[in-house]
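Asker: Provided below: data_29.cif, containing mmCIF, C-alpha atoms.
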data_start
#
loop_
_atom_site.label_atom_id
_atom_site.label_comp_id
_atom_site.auth_asym_id
_atom_site.auth_seq_id
_atom_site.Cartn_x
_atom_site.Cartn_y
_atom_site.Cartn_z
CA THR A 11 55.55 74.10 95.40
CA GLY A 12 56.36 77.80 95.34
CA HIS A 13 58.35 79.71 92.78
CA TYR A 14 61.62 81.05 94.16
CA GLY A 15 62.61 83.21 91.23
CA PHE A 16 65.17 83.11 88.46
CA PHE A 17 68.95 82.95 88.55
CA GLN A 18 71.74 83.60 86.11
CA VAL A 19 75.31 82.31 86.00
CA ILE A 20 78.13 83.64 83.81
CA ASN A 21 81.58 82.08 83.86
CA TRP A 22 84.62 83.25 81.96
CA SER A 23 88.30 82.40 81.60
CA GLU A 24 91.01 85.02 81.35
CA TYR A 25 94.63 85.68 82.12
CA ALA A 26 96.45 88.91 82.80
CA LEU A 27 100.10 89.89 82.59
CA GLY A 28 101.67 93.04 83.89
CA GLY A 29 104.85 94.69 84.95
CA ILE A 30 106.25 97.87 86.40
CA ALA A 31 109.71 99.43 86.11
CA THR A 32 110.90 102.39 88.17
CA ILE A 33 113.98 104.55 88.61
CA ASN A 34 114.50 106.47 91.82
CA TYR A 35 117.01 109.31 92.03
CA SER A 36 117.78 111.29 95.20
CA TYR A 37 119.13 114.66 94.17
CA PRO A 38 121.62 116.48 96.42
CA ASP A 39 120.88 119.14 98.99
CA LEU A 40 120.19 122.49 97.30
CA GLY A 41 120.97 124.58 100.34
CA ILE A 42 118.08 126.76 101.45
CA LEU A 43 115.92 125.21 98.72
CA GLY A 44 116.04 121.79 100.39
CA LYS A 45 116.43 118.28 98.95
CA GLY A 46 114.31 115.45 97.61
CA ASN A 47 113.99 112.57 95.24
CA LEU A 48 112.68 111.93 91.74
CA LEU A 49 110.77 108.79 90.80
CA PHE A 50 109.72 107.87 87.31
CA GLY A 51 108.69 104.66 85.59
CA ILE A 52 106.16 102.83 83.49
CA GLN A 53 103.47 100.25 84.19
CA THR A 54 101.94 97.96 81.59
CA GLU A 55 99.07 95.47 81.73
CA TYR A 56 97.72 92.94 79.23
CA MET A 57 94.39 91.11 79.64
CA ASN A 58 93.07 88.30 77.44
CA LEU A 59 89.58 86.84 77.89
CA TYR A 60 89.61 83.57 75.94
CA GLY A 61 86.37 81.82 76.93
CA SER A 62 82.98 82.32 78.54
CA GLU A 63 79.72 80.47 79.12
CA GLY A 64 76.40 81.25 80.74
CA PHE A 65 72.97 79.90 81.57
CA VAL A 66 69.66 80.98 83.12
CA GLY A 67 67.46 78.92 85.43
CA GLU A 68 64.71 79.06 88.03
CA ASN A 69 64.09 77.79 91.55
CA PHE A 70 67.87 77.33 91.90
CA ASN A 71 67.67 73.77 90.53
CA GLN A 72 66.49 73.99 86.92
CA VAL A 73 68.33 75.41 83.90
CA PHE A 74 66.19 76.34 80.91
CA LYS A 75 68.52 78.44 78.74
CA TYR A 76 72.17 78.26 77.68
CA TRP A 77 73.89 81.05 75.79
CA PRO A 78 74.42 79.85 72.19
CA VAL A 79 77.46 82.11 71.92
CA ASN A 80 79.85 83.65 74.44
CA PRO A 81 77.91 85.79 76.95
CA ILE A 82 81.07 87.90 77.24
CA ALA A 83 82.89 88.56 73.98
CA ILE A 84 86.34 87.05 73.58
CA GLY A 85 89.15 89.56 73.17
CA HIS A 86 92.18 91.26 74.67
CA GLU A 87 93.18 94.75 75.82
CA ILE A 88 96.47 96.41 76.76
CA SER A 89 97.49 99.55 78.62
CA TYR A 90 100.69 101.57 79.09
CA SER A 91 101.07 104.08 81.92
CA PRO A 92 104.25 106.17 82.30
CA PHE A 93 104.43 108.20 85.51
CA ILE A 94 106.65 110.64 87.38
CA GLN A 95 106.78 111.96 90.96
CA ILE A 96 108.90 114.51 92.77
CA LYS A 97 109.02 114.55 96.57
CA HIS A 98 110.80 117.66 97.78
CA THR A 99 111.60 118.51 101.41
CA PHE A 100 112.10 122.25 101.87
CA ASN A 101 112.92 121.99 105.58
CA LYS A 102 111.85 120.07 108.69
CA ASN A 103 108.31 121.48 108.41
CA TRP A 104 107.38 121.56 104.70
CA ILE A 105 107.17 118.76 102.10
CA LEU A 106 105.88 119.02 98.53
CA ASN A 107 104.73 116.06 96.40
CA VAL A 108 104.10 116.61 92.69
CA GLY A 109 103.39 113.90 90.17
CA GLY A 110 101.54 112.80 87.09
CA ARG A 111 100.51 109.67 85.21
CA GLU A 112 99.56 109.22 81.56
CA ASP A 113 97.23 106.27 80.97
CA LEU A 114 97.08 104.85 77.44
CA LYS A 115 94.49 102.09 77.01
CA LYS A 116 93.85 100.20 73.78
CA ARG A 117 90.47 98.48 73.86
CA LYS A 118 89.32 95.30 72.13
CA ASN A 119 87.78 97.30 69.26
CA GLY A 120 91.09 99.06 68.60
CA LYS A 121 90.01 102.41 70.05
CA LEU A 122 92.68 104.18 72.09
CA TYR A 123 91.82 106.12 75.25
CA SER A 124 94.32 108.37 76.98
CA SER A 125 94.14 110.46 80.12
CA PHE A 126 96.63 112.51 82.13
CA SER A 127 96.18 112.33 85.91
CA PRO A 128 98.09 114.99 87.86
CA ARG A 129 98.42 115.12 91.62
CA ILE A 130 99.95 117.58 94.05
CA SER A 131 100.08 117.73 97.84
CA LEU A 132 101.61 120.06 100.39
CA ILE A 133 102.44 118.70 103.86
CA TYR A 134 103.10 120.80 106.95
CA LEU A 135 104.72 119.06 109.93
CA MET A 136 103.61 121.46 112.66
CA ASN A 137 105.34 119.47 115.41
CA LYS A 138 105.99 115.84 116.31
CA TYR A 139 102.29 115.35 117.16
CA LEU A 140 100.38 117.16 114.41
CA THR A 141 100.61 116.97 110.60
CA LEU A 142 98.49 118.96 108.12
CA LYS A 143 98.06 118.13 104.45
CA THR A 144 96.22 119.62 101.49
CA SER A 145 96.04 117.88 98.13
CA TYR A 146 94.50 117.77 94.68
CA SER A 147 94.35 114.76 92.35
CA ARG A 148 92.65 113.61 89.18
CA SER A 149 92.10 109.91 88.59
CA PHE A 150 91.13 107.79 85.59
CA VAL A 151 89.50 104.33 85.51
CA ASP A 152 88.47 102.68 82.27
CA ALA A 153 84.99 101.18 81.97
CA PRO A 154 85.05 97.46 82.88
CA TYR A 155 85.35 94.97 80.03
CA PHE A 156 82.57 92.95 81.74
CA TYR A 157 79.97 95.65 81.00
CA ARG A 158 81.24 96.74 77.58
CA TYR A 159 81.13 93.28 75.99
CA ASN A 160 78.37 91.53 77.94
CA GLU A 161 75.38 89.99 76.12
CA SER A 162 73.26 89.51 79.24
CA PRO A 163 70.33 91.97 79.51
CA SER A 164 71.13 92.21 83.23
CA TYR A 165 74.68 93.51 82.79
CA LYS A 166 74.97 94.79 79.25
CA GLY A 167 76.44 98.21 78.67
CA PRO A 168 77.28 100.02 75.42
CA GLU A 169 80.59 99.10 73.79
CA ASP A 170 81.62 102.76 73.88
CA LEU A 171 81.03 103.06 77.64
CA ARG A 172 83.34 105.92 78.59
CA PRO A 173 86.09 105.92 81.25
CA GLU A 174 85.37 107.34 84.70
CA TYR A 175 87.10 110.44 86.05
CA MET A 176 87.31 112.02 89.49
CA ASN A 177 88.77 115.31 90.62
CA ALA A 178 89.38 115.34 94.37
CA VAL A 179 90.44 118.10 96.75
CA GLN A 180 91.26 117.20 100.36
CA PHE A 181 92.41 118.84 103.54
CA SER A 182 93.47 116.41 106.25
CA PHE A 183 95.19 116.29 109.60
CA ASN A 184 96.93 113.59 111.63
CA TYR A 185 97.24 113.97 115.39
CA LYS A 186 99.26 111.43 117.39
CA PRO A 187 100.02 112.66 120.93
CA ASN A 188 101.54 109.32 121.98
CA SER A 189 102.20 105.79 120.75
CA ARG A 190 98.69 104.58 121.63
CA PHE A 191 96.29 107.23 120.36
CA LEU A 192 95.72 108.43 116.79
CA TRP A 193 93.20 110.87 115.33
CA ASP A 194 92.84 111.26 111.56
CA GLY A 195 90.46 113.71 109.94
CA VAL A 196 89.76 114.73 106.36
CA PHE A 197 87.54 117.26 104.61
CA PHE A 198 86.95 116.23 101.00
CA TYR A 199 85.38 117.50 97.80
CA ASN A 200 84.85 115.06 94.92
CA ASN A 201 83.73 115.86 91.39
CA LEU A 202 82.91 112.66 89.49
CA THR A 203 82.20 112.59 85.76
CA ASN A 204 81.15 109.72 83.51
CA PHE A 205 81.04 107.31 86.46
CA ILE A 206 79.18 104.08 85.73
CA PHE A 207 75.95 103.18 87.47
CA ARG A 208 72.98 100.89 86.99
CA ASP A 209 69.77 102.71 86.06
CA THR A 210 66.91 100.58 87.42
CA ASN A 211 64.23 102.74 85.72
CA LEU A 212 65.15 101.96 82.13
CA SER A 213 63.10 99.74 79.84
CA SER A 214 64.19 96.22 78.86
CA ASP A 215 65.53 97.51 75.52
CA ASP A 216 67.94 99.97 77.12
CA TYR A 217 71.41 99.37 78.53
CA PRO A 218 71.15 98.97 82.35
CA TYR A 219 74.74 100.15 82.85
CA MET A 220 75.61 103.58 81.58
CA ASN A 221 77.71 106.66 82.22
CA ALA A 222 76.24 109.27 84.53
CA GLY A 223 76.73 112.95 83.86
CA GLU A 224 78.31 114.51 86.94
CA LEU A 225 78.15 114.38 90.72
CA GLN A 226 79.72 116.80 93.18
CA THR A 227 79.95 115.83 96.85
CA PHE A 228 81.44 117.26 100.01
CA GLY A 229 82.16 115.33 103.18
CA ILE A 230 84.00 114.95 106.46
CA GLU A 231 85.55 111.77 107.80
CA ASN A 232 87.09 111.20 111.23
CA THR A 233 88.93 108.15 112.56
CA LEU A 234 90.02 107.52 116.14
CA GLN A 235 92.35 104.67 117.08
CA TYR A 236 93.60 103.36 120.40
CA ILE A 237 96.24 100.61 120.30
CA THR A 238 98.04 98.64 123.01
CA PRO A 239 99.82 95.30 122.73
CA ARG A 240 96.64 93.49 123.85
CA PHE A 241 93.82 95.81 122.83
CA PHE A 242 92.74 97.60 119.67
CA ALA A 243 89.86 100.06 119.15
CA ASN A 244 88.93 101.89 115.97
CA PHE A 245 86.05 104.32 115.53
CA ASN A 246 85.13 105.92 112.21
CA ILE A 247 82.34 108.32 111.29
CA THR A 248 81.66 109.83 107.87
CA TRP A 249 79.22 112.50 106.74
CA GLN A 250 78.72 113.51 103.11
CA THR A 251 76.29 115.60 101.11
CA VAL A 252 75.50 116.15 97.44
CA LEU A 253 76.30 119.65 96.19
CA ASP A 254 75.19 119.30 92.59
CA GLY A 255 74.82 116.79 89.79
CA LYS A 256 73.12 115.87 86.56
CA ASN A 257 71.94 112.67 84.89
CA TYR A 258 72.19 110.73 88.15
CA MET A 259 69.75 109.48 90.78
CA PHE A 260 69.74 111.92 93.69
CA ARG A 261 67.36 114.41 95.25
CA GLY A 262 68.28 117.53 97.13
CA HIS A 263 71.48 116.75 99.00
CA GLN A 264 71.13 112.95 99.14
CA ASN A 265 72.02 110.15 96.75
CA TYR A 266 69.50 107.37 96.33
CA ASN A 267 70.35 104.30 98.44
CA ILE A 268 73.41 105.91 100.04
CA PRO A 269 73.27 107.27 103.60
CA ASN A 270 74.47 110.79 104.26
CA TRP A 271 76.25 109.49 107.34
CA PHE A 272 77.46 106.21 108.81
CA ALA A 273 79.74 105.09 111.64
CA ASN A 274 81.78 102.00 112.49
CA LEU A 275 83.30 100.76 115.74
CA THR A 276 85.75 97.85 115.96
CA LEU A 277 87.09 96.39 119.20
CA GLN A 278 89.58 93.58 119.63
CA GLY A 279 91.09 92.30 122.86
CA ASN A 280 93.55 89.59 123.83
CA LEU A 281 91.82 87.63 126.60
CA PHE A 282 94.58 85.12 127.13
CA LYS A 283 98.17 84.76 125.99
CA GLN A 284 100.69 82.30 127.34
CA LYS A 285 103.64 80.97 125.43
CA GLU A 286 102.24 79.71 122.11
CA HIS A 287 98.56 79.97 123.05
CA ALA A 288 96.43 83.07 122.46
CA VAL A 289 92.70 83.83 122.61
CA TRP A 290 91.24 86.97 121.03
CA LEU A 291 87.71 88.34 121.36
CA TYR A 292 86.48 90.88 118.82
CA GLY A 293 83.37 92.77 117.85
CA SER A 294 82.28 95.36 115.32
CA GLY A 295 79.23 97.54 115.04
CA ARG A 296 77.98 99.54 112.06
CA LEU A 297 75.44 102.36 112.36
CA ILE A 298 73.86 103.28 109.02
CA GLY A 299 71.87 106.50 108.59
CA LYS A 300 68.57 106.88 106.77
CA GLN A 301 68.58 106.28 103.01
CA LEU A 302 66.27 107.70 100.38
CA SER A 303 65.19 104.65 98.34
CA PRO A 304 62.29 105.54 96.00
CA ILE A 305 60.05 102.82 94.56
CA ASP A 306 58.75 103.57 91.08
CA ASN A 307 55.98 101.51 89.47
CA ILE A 308 57.06 98.09 90.79
CA VAL A 309 54.75 95.09 91.28
CA ILE A 310 55.11 93.80 94.86
CA GLY A 311 52.85 90.94 95.95
CA GLY A 312 50.66 91.40 92.89
CA ILE A 313 50.13 95.09 93.65
CA ASN A 314 51.61 97.91 91.58
CA ARG A 315 53.42 100.23 93.98
CA THR A 316 54.96 103.68 93.68
CA ASP A 317 56.46 105.56 96.61
CA HIS A 318 58.92 108.32 95.69
CA GLU A 319 59.42 109.21 99.36
CA TYR A 320 60.26 105.71 100.55
CA THR A 321 63.08 105.91 103.08
CA LEU A 322 65.07 103.14 104.72
CA PRO A 323 65.40 103.72 108.49
CA THR A 324 68.58 104.00 110.52
CA GLU A 325 70.03 100.55 111.21
CA PHE A 326 72.59 99.06 113.60
CA ILE A 327 74.38 95.80 112.76
CA LEU A 328 76.57 93.98 115.28
CA ASN A 329 79.15 91.28 114.52
CA ALA A 330 81.33 89.40 116.99
CA GLY A 331 83.73 86.50 117.21
CA ILE A 332 86.43 84.64 119.07
CA ARG A 333 89.79 83.47 117.72
CA TYR A 334 92.19 80.91 119.17
CA GLN A 335 95.75 80.53 117.97
CA TYR A 336 98.31 77.84 118.73
CA LYS A 337 101.62 78.07 116.89
CA ARG A 338 100.64 78.12 113.18
CA ILE A 339 97.13 76.75 113.73
CA GLU A 340 94.21 79.15 114.11
CA THR A 341 90.50 78.49 114.63
CA GLN A 342 87.84 81.17 114.57
CA LEU A 343 84.13 81.34 115.35
CA ALA A 344 82.43 84.39 113.83
CA PHE A 345 78.87 85.64 114.40
CA TYR A 346 77.32 87.97 111.81
CA ASN A 347 74.28 90.16 112.47
CA LEU A 348 74.31 88.97 116.05
CA PHE A 349 70.82 90.32 116.90
CA ASP A 350 69.30 88.96 113.67
CA ASN A 351 68.26 92.48 112.69
CA GLU A 352 66.00 92.56 109.62
CA TYR A 353 67.21 95.32 107.34
CA TYR A 354 67.17 96.20 103.65
CA GLN A 355 69.51 97.80 101.13
CA GLY A 356 68.78 99.32 97.74
CA GLY A 357 71.10 100.12 94.88
CA SER A 358 71.26 98.19 91.61
CA THR A 359 67.85 96.57 92.22
CA PRO A 360 64.38 98.09 91.57
CA ILE A 361 63.46 97.79 95.26
CA PRO A 362 65.53 97.44 98.46
CA TYR A 363 66.40 93.80 99.11
CA ILE A 364 66.50 92.10 102.49
CA GLN A 365 70.05 91.55 103.77
CA GLN A 366 71.60 88.56 105.50
CA GLY A 367 70.23 87.75 108.95
CA PHE A 368 72.05 85.98 111.77
CA SER A 369 74.74 83.55 110.66
CA LEU A 370 77.88 81.99 112.04
CA LEU A 371 81.06 80.64 110.51
CA LEU A 372 83.59 78.27 112.02
CA SER A 373 86.97 78.24 110.29
CA LEU A 374 90.28 76.46 110.74
CA SER A 375 93.52 77.58 109.13
CA TYR A 376 97.17 76.60 109.08
CA THR A 377 99.93 79.02 108.12
CA LEU A 378 102.81 77.73 106.04
CA LYS A 379 106.20 79.29 106.52
#
Rewrite the structure from the file as structure tokens, please.

Answerer:
Amino acid sequence: TGHYGFFQVINWSEYALGGIATINYSYPDLGILGKGNLLFGIQTEYMNLYGSEGFVGENFNQVFKYWPVNPIAIGHEISYSPFIQIKHTFNKNWILNVGGREDLKKRKNGKLYSSFSPRISLIYLMNKYLTLKTSYSRSFVDAPYFYRYNESPSYKGPEDLRPEYMNAVQFSFNYKPNSRFLWDGVFFYNNLTNFIFRDTNLSSDDYPYMNAGELQTFGIENTLQYITPRFFANFNITWQTVLDGKNYMFRGHQNYNIPNWFANLTLQGNLFKQKEHAVWLYGSGRLIGKQLSPIDNIVIGGINRTDHEYTLPTEFILNAGIRYQYKRIETQLAFYNLFDNEYYQGGSTPIPYIQQGFSLLLSLSYTLK
């Protein structure tokens, strides 16, 4: 019999509690200065991981190792986040949004992290069809507990894994000439610092998950929609390029294992509708651009292979399905990768892995009122 590789399972038990309180005040018209409203509040979250277990096996049917202790350390964390936002309307054409959020996060080890995240946007309503918007925001996300306190060599990160930050500048427009057609477009610049990624080139003694240095990207995204009572179409295309970065896996203007462009098309039509019966046919296609996916000193089929120029080709994946609905009962037959296209994707693995081929799923659901 052949060897089908190793597998690893980690289970954990946790509960989370949270709440949010807000106060909204609409201040009176200030004459030529306009009017608006003030929103402020606080959000709090508490997480407690109280148990975990894990094991490693091979061939998907044999376990040969159990973790003697918790694979994820038991502990709890809490965060408090006060915030404020002012939305001011100067006149029928101009709207200003200004806000900020202070995140205070106390980790399991008692260390306190804090970050202020401001945001500001200016909206220009040119006419009833076209809206323009420019904005700046800074966001904060703490490093996941799963990586910071994981004992598995596959997922372990340092306990002092730092929070992630992103500064984003956007210019967008929204064009809606009628009730059926919509065109959204956005030009964006992102500056990410300390974001977490898996470094597949590290040795077994190093942490696989770590903070990167910095990555600056620029991109353009466009979305077209056409909607009628019995038909829906959505087309999206995105292009992005790397401007600069450090301590991260990219070359030139392209990230490793991320295409510089991709596009999606979704279509959905109502074939039949009479009283309480309805039949819908839908399909979606995804076009993925070339991806730089270097291979560095990896044994494949008993042969040591290195190819720093390895590139995944452009791929097209088609999904389709049919849905029937009667009252609160719905059945659906979905087809994935309809043409059984063989394609690969890299990322957190040393080499690109083959993706799912053709499959189908039949489902039945009942909606409770």

Asker: Just say which residues the PyMOL selection byres ((chain A and resi 144-160) around 7) picks in this file, as a VMD selection string.

Answerer: chain A and resid 81 to 83 125 127 to 133 143 161 to 162 165 to 169 171 to 182

Asker: Would you please work out which residue, of A:Asn257, A:Ser89, A:Thr377, A:Thr233, is nearest to Asn204 (chain A) when using all atoms listed in the file?

Answerer: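 The closest residue to Asn204 (chain A) is A:Asn257.
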
Asker: In Å, how far is it from CA of Ile96 (chain A) to CA of Lys186 (chain A)?

Answerer: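 Distance reported for this atom pair: 26.6 Å.
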
Asker: Looking at A:Gln278, A:Gln235, A:Asn200, A:Ser23, which one is nearest to Met57 (chain A), with distances taken over all atoms listed in the file?

Answerer: A:Ser23

Asker: Between CA of Gly312 (chain A) and CA of Gly367 (chain A), what is the distance, to one decimal in Å?

Answerer: 25.6 Å
